[in-house]
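Structure file coords.txt (compact mmCIF, C-alpha atoms) follows.
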# COMPACT_ATOMS: atom_id res chain seq x y z
CA MET P 1156 2.67 -26.84 -7.04
CA LEU P 1157 2.98 -29.35 -4.20
CA ASP P 1158 6.70 -29.88 -4.87
CA LYS P 1159 7.28 -26.14 -4.61
CA LEU P 1160 5.31 -25.99 -1.37
CA GLU P 1161 7.37 -28.86 0.08
CA ALA P 1162 10.50 -26.85 -0.72
CA VAL P 1163 9.03 -23.77 1.00
CA ASP P 1164 8.20 -25.91 4.05
CA ARG P 1165 11.80 -27.18 4.22
CA ARG P 1166 13.07 -23.60 3.96
CA PHE P 1167 10.76 -22.58 6.81
CA VAL P 1168 12.27 -25.30 9.02
CA GLU P 1169 15.78 -24.10 8.13
CA LEU P 1170 14.88 -20.52 9.06
CA GLU P 1171 13.34 -21.60 12.37
CA ASP P 1172 16.51 -23.59 13.19
CA SER P 1173 18.66 -20.54 12.39
CA LEU P 1174 16.58 -18.31 14.64
CA ALA P 1175 16.62 -20.87 17.46
CA SER P 1176 20.42 -21.22 17.29
CA GLY P 1177 20.97 -17.82 18.94
CA THR P 1178 23.98 -17.14 16.71
CA LEU P 1179 22.33 -14.45 14.55
CA SER P 1180 22.41 -10.74 15.27
CA GLY P 1181 21.91 -7.36 13.64
CA SER P 1182 20.84 -7.16 10.01
CA LYS P 1183 21.19 -10.93 9.45
CA LEU P 1184 18.75 -11.65 12.29
CA THR P 1185 16.29 -9.12 10.84
CA GLU P 1186 16.66 -10.59 7.35
CA ILE P 1187 16.03 -14.17 8.52
CA ALA P 1188 13.07 -13.12 10.71
CA LYS P 1189 11.48 -11.22 7.79
CA GLU P 1190 11.89 -14.16 5.42
CA ARG P 1191 10.33 -16.51 7.98
CA ALA P 1192 7.41 -14.15 8.54
CA SER P 1193 6.86 -13.80 4.77
CA ILE P 1194 6.25 -17.54 4.27
CA GLU P 1195 4.73 -18.51 7.63
CA ALA P 1196 1.07 -18.19 6.55
CA LEU P 1197 1.72 -20.23 3.40
CA VAL P 1198 3.54 -22.98 5.32
CA MET P 1199 0.85 -23.22 8.03
CA LYS P 1200 -1.88 -23.46 5.38
CA PHE P 1201 0.12 -26.11 3.47
CA ARG P 1202 0.53 -28.20 6.62
CA GLU P 1203 -3.20 -27.92 7.26
CA TYR P 1204 -3.84 -29.06 3.67
CA LYS P 1205 -1.51 -32.07 4.10
CA GLN P 1206 -3.26 -33.02 7.36
CA VAL P 1207 -6.69 -32.92 5.71
CA THR P 1208 -5.55 -34.91 2.65
CA ALA P 1209 -3.93 -37.53 4.92
CA GLU P 1210 -7.19 -37.89 6.89
CA MET P 1211 -9.07 -38.15 3.59
CA GLU P 1212 -6.87 -41.08 2.47
CA GLU P 1213 -7.51 -42.84 5.79
CA SER P 1214 -11.26 -42.35 5.37
CA LYS P 1215 -11.09 -43.70 1.81
CA ALA P 1216 -9.48 -46.86 3.16
CA MET P 1217 -12.21 -47.21 5.79
CA ALA P 1218 -14.86 -46.73 3.08
CA ALA P 1219 -13.72 -50.04 1.61
CA GLU P 1220 -14.48 -51.92 4.87
CA ASP P 1221 -16.92 -54.84 4.82
CA ASP P 1222 -18.97 -53.33 7.63
CA PRO P 1223 -21.62 -51.27 5.73
CA GLU P 1224 -22.23 -48.86 8.64
CA ILE P 1225 -18.52 -48.01 8.98
CA ALA P 1226 -18.16 -47.73 5.20
CA ALA P 1227 -21.15 -45.33 4.97
CA LEU P 1228 -19.75 -43.07 7.71
CA ALA P 1229 -16.34 -43.13 6.04
CA ARG P 1230 -17.83 -42.08 2.68
CA GLN P 1231 -19.53 -39.11 4.38
CA GLU P 1232 -16.21 -38.20 5.97
CA VAL P 1233 -14.44 -38.42 2.60
CA ALA P 1234 -16.97 -36.05 1.01
CA SER P 1235 -16.56 -33.53 3.85
CA LEU P 1236 -12.76 -33.72 3.80
CA LYS P 1237 -12.69 -33.37 0.02
CA LYS P 1238 -14.54 -30.05 0.28
CA GLN P 1239 -12.09 -28.88 2.96
CA ALA P 1240 -9.11 -29.91 0.80
CA GLU P 1241 -10.50 -28.05 -2.23
CA ALA P 1242 -11.06 -24.89 -0.18
CA LEU P 1243 -7.55 -25.12 1.30
CA ARG P 1244 -6.07 -25.62 -2.17
CA GLU P 1245 -7.78 -22.40 -3.35
CA GLU P 1246 -6.29 -20.55 -0.38
CA LEU P 1247 -2.85 -22.02 -1.14
CA ILE P 1248 -3.06 -20.77 -4.72
CA LEU P 1249 -3.83 -17.24 -3.48
CA LEU P 1250 -1.05 -17.37 -0.88
CA SER P 1251 1.37 -18.61 -3.55
CA LEU P 1252 0.78 -15.61 -5.83
CA PRO P 1253 3.83 -13.36 -6.34
CA LYS P 1254 4.22 -10.99 -3.40
CA ASP P 1255 4.95 -7.31 -3.82
CA PRO P 1256 8.33 -6.88 -2.09
CA ASN P 1257 7.24 -3.44 -0.92
CA ASP P 1258 4.03 -4.57 0.85
CA HIS P 1259 5.63 -4.45 4.31
CA LYS P 1260 7.03 -0.94 3.86
CA ASN P 1261 5.96 2.42 5.20
CA ILE P 1262 4.84 4.95 2.62
CA LEU P 1263 5.33 8.51 1.55
CA ILE P 1264 1.98 9.94 0.45
CA GLU P 1265 1.92 13.06 -1.70
CA ILE P 1266 -1.33 14.92 -2.40
CA ARG P 1267 -1.28 17.80 -4.88
CA ALA P 1268 -4.04 20.17 -5.96
CA GLY P 1269 -4.74 19.96 -9.70
CA THR P 1270 -7.41 21.48 -11.90
CA GLY P 1271 -9.99 23.55 -10.08
CA GLY P 1272 -7.98 26.26 -8.34
CA GLU P 1273 -8.84 26.91 -4.69
CA GLU P 1274 -11.54 24.21 -4.64
CA SER P 1275 -8.91 21.66 -5.67
CA ALA P 1276 -6.69 22.78 -2.79
CA LEU P 1277 -9.59 22.39 -0.34
CA PHE P 1278 -10.26 18.90 -1.69
CA ALA P 1279 -6.56 18.06 -1.22
CA ALA P 1280 -7.02 18.94 2.46
CA ASP P 1281 -10.13 16.71 2.59
CA LEU P 1282 -8.19 13.78 1.08
CA TYR P 1283 -5.34 14.28 3.53
CA ARG P 1284 -7.84 14.25 6.40
CA MET P 1285 -9.47 11.08 5.00
CA TYR P 1286 -6.14 9.22 4.83
CA THR P 1287 -5.12 10.51 8.27
CA ARG P 1288 -8.39 9.29 9.80
CA PHE P 1289 -7.97 5.89 8.13
CA ALA P 1290 -4.38 5.67 9.41
CA ASP P 1291 -5.55 6.48 12.94
CA ASN P 1292 -8.15 3.70 12.71
CA GLN P 1293 -5.38 1.27 11.69
CA GLY P 1294 -3.10 2.33 14.53
CA TRP P 1295 -0.56 3.81 12.09
CA LYS P 1296 1.52 6.93 12.66
CA VAL P 1297 1.34 9.89 10.27
CA GLU P 1298 4.36 12.22 10.16
CA PRO P 1299 3.86 15.46 8.17
CA MET P 1300 6.92 16.08 5.99
CA SER P 1301 6.12 19.16 3.95
CA SER P 1302 3.11 21.28 3.01
CA THR P 1303 2.19 24.36 1.02
CA HIS P 1304 -1.06 26.01 2.09
CA SER P 1305 -3.58 27.73 -0.14
CA GLN P 1306 -5.39 30.99 0.58
CA ASN P 1307 -8.48 29.46 2.22
CA GLY P 1308 -6.78 26.78 4.33
CA GLY P 1309 -6.45 24.03 1.73
CA TYR P 1310 -3.24 22.47 0.46
CA LYS P 1311 -1.51 23.18 -2.81
CA GLU P 1312 0.68 20.23 -1.81
CA VAL P 1313 1.02 18.08 1.30
CA ILE P 1314 3.48 15.26 1.88
CA ALA P 1315 3.49 12.86 4.83
CA MET P 1316 5.18 9.64 5.93
CA VAL P 1317 2.80 6.92 7.13
CA ARG P 1318 4.33 4.24 9.35
CA GLY P 1319 2.77 0.97 10.46
CA GLU P 1320 2.21 -2.66 9.64
CA GLY P 1321 1.36 -3.35 5.98
CA VAL P 1322 0.83 0.32 5.10
CA PHE P 1323 1.92 0.02 1.46
CA SER P 1324 -0.07 -3.19 0.95
CA LYS P 1325 -3.26 -1.36 1.99
CA LEU P 1326 -2.76 2.00 0.23
CA LYS P 1327 -0.69 1.16 -2.85
CA PHE P 1328 -3.67 1.43 -5.21
CA GLU P 1329 -4.46 5.03 -4.21
CA SER P 1330 -2.02 6.58 -6.70
CA GLY P 1331 -3.75 8.51 -9.45
CA VAL P 1332 -6.16 11.36 -10.15
CA HIS P 1333 -9.00 11.80 -7.65
CA ARG P 1334 -11.89 13.84 -9.08
CA VAL P 1335 -14.43 15.70 -6.94
CA GLN P 1336 -17.86 16.99 -7.95
CA ARG P 1337 -19.53 19.38 -5.50
CA VAL P 1338 -20.61 22.96 -4.88
CA PRO P 1339 -17.48 24.85 -3.75
CA VAL P 1340 -17.67 27.04 -0.65
CA THR P 1341 -16.49 29.88 -2.89
CA GLU P 1342 -19.47 29.40 -5.29
CA SER P 1343 -22.33 31.83 -4.62
CA GLN P 1344 -24.67 30.48 -7.34
CA GLY P 1345 -24.82 26.92 -6.01
CA ARG P 1346 -23.39 25.37 -9.16
CA ILE P 1347 -21.58 22.04 -9.06
CA HIS P 1348 -17.92 22.23 -10.04
CA THR P 1349 -15.50 19.47 -10.99
CA SER P 1350 -11.97 19.61 -9.61
CA ALA P 1351 -9.14 17.13 -9.23
CA CYS P 1352 -6.13 16.23 -7.10
CA THR P 1353 -3.30 13.83 -7.72
CA VAL P 1354 -2.22 11.29 -5.11
CA ALA P 1355 1.08 9.42 -5.16
CA VAL P 1356 1.78 6.55 -2.74
CA LEU P 1357 5.48 5.67 -2.68
CA PRO P 1358 7.09 2.85 -0.67
CA GLU P 1359 9.65 4.28 1.74
CA ALA P 1360 13.18 3.66 0.52
CA GLU P 1361 15.34 1.80 3.01
CA ASP P 1362 19.08 2.35 3.27
CA ILE P 1363 19.66 -0.97 1.52
CA ASP P 1364 17.50 0.19 -1.42
CA ILE P 1365 19.16 3.48 -2.31
CA GLU P 1366 22.64 4.84 -1.74
CA ILE P 1367 23.29 8.54 -2.34
CA ASN P 1368 26.70 10.04 -2.97
CA PRO P 1369 26.95 13.20 -0.80
CA SER P 1370 28.83 14.95 -3.61
CA ASP P 1371 25.69 14.61 -5.76
CA LEU P 1372 23.70 16.79 -3.35
CA ASP P 1373 23.29 20.55 -3.27
CA ILE P 1374 21.86 21.38 0.18
CA GLY P 1375 20.55 24.84 1.02
CA THR P 1376 18.46 26.45 3.76
CA PHE P 1377 15.69 29.04 3.76
CA ARG P 1378 13.19 30.60 6.14
CA ALA P 1379 10.01 28.55 6.63
CA SER P 1380 6.50 29.98 6.73
CA GLY P 1381 3.07 28.56 7.45
CA ALA P 1382 -0.52 29.22 6.38
CA GLY P 1383 -1.46 32.87 6.23
CA GLY P 1384 1.86 33.94 7.65
CA GLN P 1385 1.38 31.96 10.86
CA HIS P 1386 4.23 30.08 12.54
CA VAL P 1387 6.86 31.96 10.59
CA ASN P 1388 10.35 30.94 11.65
CA THR P 1389 12.90 33.62 12.40
CA THR P 1390 15.78 31.30 11.47
CA ASP P 1391 16.68 29.48 8.26
CA SER P 1392 15.46 26.08 9.48
CA ALA P 1393 13.83 24.90 6.24
CA VAL P 1394 15.97 22.71 3.99
CA ARG P 1395 16.07 22.35 0.20
CA ILE P 1396 18.04 19.47 -1.36
CA VAL P 1397 18.83 19.18 -5.06
CA HIS P 1398 19.95 15.80 -6.37
CA LYS P 1399 22.17 16.91 -9.25
CA PRO P 1400 22.25 13.70 -11.34
CA SER P 1401 18.43 13.38 -11.49
CA GLY P 1402 17.43 17.02 -11.03
CA LEU P 1403 15.03 16.06 -8.22
CA VAL P 1404 14.35 18.86 -5.71
CA VAL P 1405 13.04 18.20 -2.19
CA GLU P 1406 12.06 20.72 0.47
CA CYS P 1407 11.14 20.16 4.11
CA GLN P 1408 10.08 22.88 6.54
CA ASP P 1409 7.61 21.30 8.98
CA GLU P 1410 10.17 20.88 11.78
CA ARG P 1411 11.71 23.75 13.77
CA SER P 1412 15.08 22.05 13.69
CA GLN P 1413 17.21 22.38 10.57
CA HIS P 1414 18.81 19.00 11.36
CA LYS P 1415 15.40 17.25 11.52
CA ASN P 1416 14.27 18.92 8.31
CA LYS P 1417 17.44 17.73 6.58
CA ASP P 1418 16.88 14.13 7.76
CA ARG P 1419 13.29 14.19 6.56
CA ALA P 1420 14.20 15.76 3.23
CA LEU P 1421 16.78 13.01 2.66
CA LYS P 1422 14.13 10.36 3.36
CA VAL P 1423 11.81 11.97 0.81
CA LEU P 1424 14.64 12.16 -1.74
CA LYS P 1425 15.59 8.51 -1.26
CA THR P 1426 11.95 7.46 -1.62
CA ARG P 1427 11.53 9.44 -4.86
CA LEU P 1428 14.75 8.02 -6.28
CA PHE P 1429 13.56 4.53 -5.31
CA GLU P 1430 10.25 5.17 -7.09
CA LYS P 1431 12.11 6.44 -10.17
CA ALA P 1432 14.25 3.28 -10.27
CA GLN P 1433 11.18 1.08 -9.86
CA LYS P 1434 9.31 2.90 -12.62
CA GLU P 1435 12.21 2.49 -15.01
CA GLN P 1436 12.23 -1.22 -14.21
CA ALA P 1437 8.45 -1.50 -14.64
CA ASP P 1438 8.64 0.22 -18.03
CA LEU P 1439 10.66 -2.72 -19.25
CA ILE P 1440 7.71 -5.02 -18.56
CA SER P 1441 5.19 -5.27 -21.39
CA ALA P 1442 1.98 -3.30 -20.82
CA ASP P 1443 -0.27 -6.35 -21.12
CA ARG P 1444 1.29 -7.86 -17.99
CA LYS P 1445 0.42 -4.90 -15.79
CA SER P 1446 -2.78 -5.36 -13.84
CA GLN P 1447 -5.57 -2.85 -14.29
CA VAL P 1448 -5.61 -1.87 -10.62
CA GLY P 1449 -1.92 -1.97 -9.90
CA SER P 1450 -0.44 0.28 -12.56
CA GLY P 1451 0.05 3.09 -10.02
CA ASP P 1452 0.03 5.75 -12.73
CA ARG P 1453 -0.62 9.05 -11.00
CA SER P 1454 -1.91 10.59 -14.26
CA GLU P 1455 -4.76 8.05 -14.50
CA ARG P 1456 -8.20 9.15 -13.27
CA ILE P 1457 -9.05 6.46 -10.75
CA ARG P 1458 -11.94 7.74 -8.64
CA THR P 1459 -14.79 10.25 -8.50
CA TYR P 1460 -16.21 11.72 -5.28
CA ASN P 1461 -19.72 13.05 -6.01
CA PHE P 1462 -20.87 14.98 -2.94
CA PRO P 1463 -24.43 15.97 -4.05
CA GLN P 1464 -25.29 12.26 -4.51
CA GLY P 1465 -23.09 10.99 -1.65
CA ARG P 1466 -21.47 8.68 -4.18
CA LEU P 1467 -17.95 7.34 -4.60
CA THR P 1468 -17.01 5.56 -7.84
CA ASP P 1469 -13.73 3.74 -8.46
CA HIS P 1470 -13.44 3.60 -12.24
CA ARG P 1471 -10.82 0.82 -12.36
CA ILE P 1472 -13.09 -1.84 -10.88
CA ASN P 1473 -16.51 -0.26 -11.58
CA LEU P 1474 -17.22 0.01 -7.85
CA THR P 1475 -19.91 2.48 -6.73
CA LEU P 1476 -20.72 3.10 -3.06
CA TYR P 1477 -23.27 5.53 -1.65
CA LYS P 1478 -21.26 6.00 1.54
CA LEU P 1479 -19.20 9.05 0.68
CA ALA P 1480 -19.64 10.79 4.05
CA GLU P 1481 -18.38 7.69 5.92
CA ILE P 1482 -15.48 7.19 3.51
CA MET P 1483 -14.36 10.82 3.88
CA GLU P 1484 -14.25 10.18 7.64
CA GLY P 1485 -11.72 7.41 7.06
CA SER P 1486 -13.97 4.35 6.59
CA MET P 1487 -12.04 3.15 3.54
CA THR P 1488 -11.84 -0.59 4.27
CA GLU P 1489 -14.57 -1.66 1.84
CA VAL P 1490 -12.99 0.28 -1.04
CA LEU P 1491 -9.46 -0.93 -0.32
CA ASN P 1492 -10.55 -4.56 0.12
CA ALA P 1493 -12.35 -4.48 -3.23
CA LEU P 1494 -9.24 -3.11 -4.94
CA GLY P 1495 -7.09 -5.80 -3.32
CA ALA P 1496 -9.48 -8.56 -4.38
CA SER P 1497 -9.54 -7.28 -7.95
CA HIS P 1498 -5.75 -7.18 -8.03
CA GLN P 1499 -5.56 -10.79 -6.78
CA ALA P 1500 -8.04 -11.91 -9.44
CA GLU P 1501 -5.92 -10.20 -12.10
CA LEU P 1502 -2.80 -11.95 -10.84
CA LEU P 1503 -4.59 -15.31 -10.93
CA LYS P 1504 -5.71 -14.70 -14.51
CA ASN P 1505 -2.19 -13.73 -15.58
CA GLN P 1506 -0.78 -16.82 -13.87
CA GLU P 1507 -3.23 -19.07 -15.73
CA HIS P 1508 -2.06 -17.60 -19.03

Since I need it in another form, could you write the structure as structure tokens?
Amino acid sequence: MLDKLEAVDRRFVELEDSLASGTLSGSKLTEIAKERASIEALVMKFREYKQVTAEMEESKAMAAEDDPEIAALARQEVASLKKQAEALREELILLSLPKDPNDHKNILIEIRAGTGGEESALFAADLYRMYTRFADNQGWKVEPMSSTHSQNGGYKEVIAMVRGEGVFSKLKFESGVHRVQRVPVTESQGRIHTSACTVAVLPEAEDIDIEINPSDLDIGTFRASGAGGQHVNTTDSAVRIVHKPSGLVVECQDERSQHKNKDRALKVLKTRLFEKAQKEQADLISADRKSQVGSGDRSERIRTYNFPQGRLTDHRINLTLYKLAEIMEGSMTEVLNALGASHQAELLKNQEH
């Protein structure tokens, strides 16, 4: 491992020299800066580890001194430095784990009502509010892309772009079926119902990821409408794009401008095509190498929200928290951190095998 880390350190120096030269510009400058940023934490930790191990060797030499007082102090120092070195080595192992190349990307989040009729649509609105609140707490920006309202103010479907630092790395384990157990507002007998929504978290496709041939697109316009007939446009500003080779259909109507709706629809299309390509690639990997948390299968039931008991349960990692009200207000850090830690542990186990 140390040889590999020495090579990473040398690469870091090369990247810093390139950036300091002032000869880079445009996409090359961005590429070099991103690569440097991606290994900086690992290199800094490795240098700290080397410093501690060097001090430990010096203390070992002093422990062999004839002066018993100096030797005793040196042995204490060796024991302390050894603990530091072991802790730093553990951190280096974690930092050396394979990185998800999409972790730095923005996301497209899609929430769709599933089983449960109107109650499912209302829960979809609750989930959207939860993610929006969490994004606000993180200083991220949420851009609504498309939505279809239900009769009582819920969402049959809502799609939004979330932009910010490390968005995908934080929310990538949210894809799947989210089940809710509660008494619906439409229930007069007070009986608890079970409904479900599906959530998909897709890394935003960048121009370098996906190229689309304009001749493969069938672009049409239609008149947009909002919830309950409100905000109905009098012009055909909504845009529908059909990608003929894949059959994917994307609509965007949240903007008043047809041009803006077209730009947003193209972003959604690119992101879905990127996800499709990634899924096809992932399918080539044997199932036993996929981590339990990170499969990202939107058909898998991942979580239950039990409102009568104020309980949230994530079934993938057997996590139960009696903090449902806080979580629904956007306090998701404890859940997301637990998922991330479980994923890291799975990666470590796979690496050992």

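Distance check against Tyr1310 of chain P using all atoms listed in the file: of P:His1414, P:Lys1296, P:Arg1337, P:Arg1267, the minimum falls on P:Arg1267.
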
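Counting from atom CA of Arg1284 of chain P, the distance to atom CA of Ser1350 of chain P is 17.4 Å.
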
Interatomic distance, atom CA of Ala1234 of chain P to atom CA of Ala1216 of chain P (Å, one decimal) = 13.3 Å

request  = Determine, counting all atoms listed in the file, which protein, DNA and RNA residues have an atom within 9 Å of an atom of Thr1208 of chain P; residues of the same chain fewer than 4 positions away are not included. Present the result as a ChimeraX atom specification.
outcome  = /P:1203-1204,1212-1213,1236-1237,1239-1240

key: Shell around His1333 of chain P at 6 Å using all atoms listed in the file, local window under 5 positions removed, as a count of residues only   = 3

task = Using only C-alpha atoms, find all polymer residues with an atom at most 8 Å away from the point (21.8, 7.7, -3.6); report them as a PyMOL selection string.
result = chain P and resi 1365-1368+1425+1428

key: Point-to-point distance from atom CA of Thr1475 of chain P to atom CA of Glu1329 of chain P, Å rounded to tenths   = 15.9 Å

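The smallest atom-to-atom distance between Ile1472 of chain P and any of P:Ser1486, P:Lys1260, P:Ile1266, P:Gly1495, using only C-alpha atoms, is found for P:Gly1495.
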
ask   = Hey, what's within 12 Å of Ala1192 of chain P if we count only C-alpha atoms and toss same-chain stuff fewer than 5 positions away? As a ChimeraX atom specification, please?
value = /P:1166-1167,1170-1171,1174,1185-1187,1197-1199,1259

request  = Determine, counting all atoms listed in the file, which protein, DNA and RNA residues have an atom within 10 Å of an atom of Phe1323 of chain P; residues of the same chain fewer than 6 positions away are not included. Present the result as a count of residues only.
outcome  = 15

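Nearest-residue note for Lys1254 of chain P: choosing from P:Ile1194, P:Ala1420, P:Val1394, P:Cys1407, the minimum distance belongs to P:Ile1194, counting only C-alpha atoms.
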
Every residue with an atom at most 12 Å from (-14.7, -1.6, -8.7) (file coordinates; only C-alpha atoms) is what I'm after, so could you write them as a CSV table (one decimal) with C-alpha atoms, in the frame of the given file?
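As written to disk, result-v6.csv reads:
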chain,number,residue,atom,x,y,z
P,1328,PHE,CA,-3.7,1.4,-5.2
P,1447,GLN,CA,-5.6,-2.8,-14.3
P,1448,VAL,CA,-5.6,-1.9,-10.6
P,1457,ILE,CA,-9.0,6.5,-10.8
P,1458,ARG,CA,-11.9,7.7,-8.6
P,1459,THR,CA,-14.8,10.2,-8.5
P,1467,LEU,CA,-18.0,7.3,-4.6
P,1468,THR,CA,-17.0,5.6,-7.8
P,1469,ASP,CA,-13.7,3.7,-8.5
P,1470,HIS,CA,-13.4,3.6,-12.2
P,1471,ARG,CA,-10.8,0.8,-12.4
P,1472,ILE,CA,-13.1,-1.8,-10.9
P,1473,ASN,CA,-16.5,-0.3,-11.6
P,1474,LEU,CA,-17.2,0.0,-7.8
P,1475,THR,CA,-19.9,2.5,-6.7
P,1476,LEU,CA,-20.7,3.1,-3.1
P,1489,GLU,CA,-14.6,-1.7,1.8
P,1490,VAL,CA,-13.0,0.3,-1.0
P,1491,LEU,CA,-9.5,-0.9,-0.3
P,1492,ASN,CA,-10.6,-4.6,0.1
P,1493,ALA,CA,-12.4,-4.5,-3.2
P,1494,LEU,CA,-9.2,-3.1,-4.9
P,1495,GLY,CA,-7.1,-5.8,-3.3
P,1496,ALA,CA,-9.5,-8.6,-4.4
P,1497,SER,CA,-9.5,-7.3,-8.0
P,1498,HIS,CA,-5.8,-7.2,-8.0

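For Ala1393 of chain P, the set of protein, DNA and RNA residues having any atom at most 10 Å away, when counting only C-alpha atoms and skipping those fewer than 5 positions along the same chain, is Ser1301, Gly1375, Thr1376, Phe1377, Arg1378, Ala1379, Ser1380, Asn1388, Glu1406, Cys1407, Gln1408, Asp1409, Glu1410, Arg1411, Ser1412, Gln1413, His1414, Lys1415, Asn1416, Lys1417 and Ala1420 of chain P.
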
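Candidate residues P:Phe1278, P:Phe1201, P:Trp1295, P:Phe1289 were compared for distance to Leu1250 of chain P, and the nearest is P:Phe1201, using only C-alpha atoms.
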
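The smallest atom-to-atom distance between Ala1268 of chain P and any of P:Ala1360, P:Ala1175, P:Leu1228, P:Val1332, using only C-alpha atoms, is found for P:Val1332.
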
Box for segment 1191-1207 of chain P - axis-aligned, 8 Å on each of the six sides, all listed atoms - centre and size in Å to one decimal, as JSON.
{"center_x": 1.8, "center_y": -23.4, "center_z": 6.0, "size_x": 33.0, "size_y": 35.2, "size_z": 21.1}

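For the residues P:Gln1336, P:Met1156, P:Gly1485, P:Gln1433, ranking by smallest atom-to-atom distance to Gly1465 of chain P using only C-alpha atoms places P:Gln1336 first.
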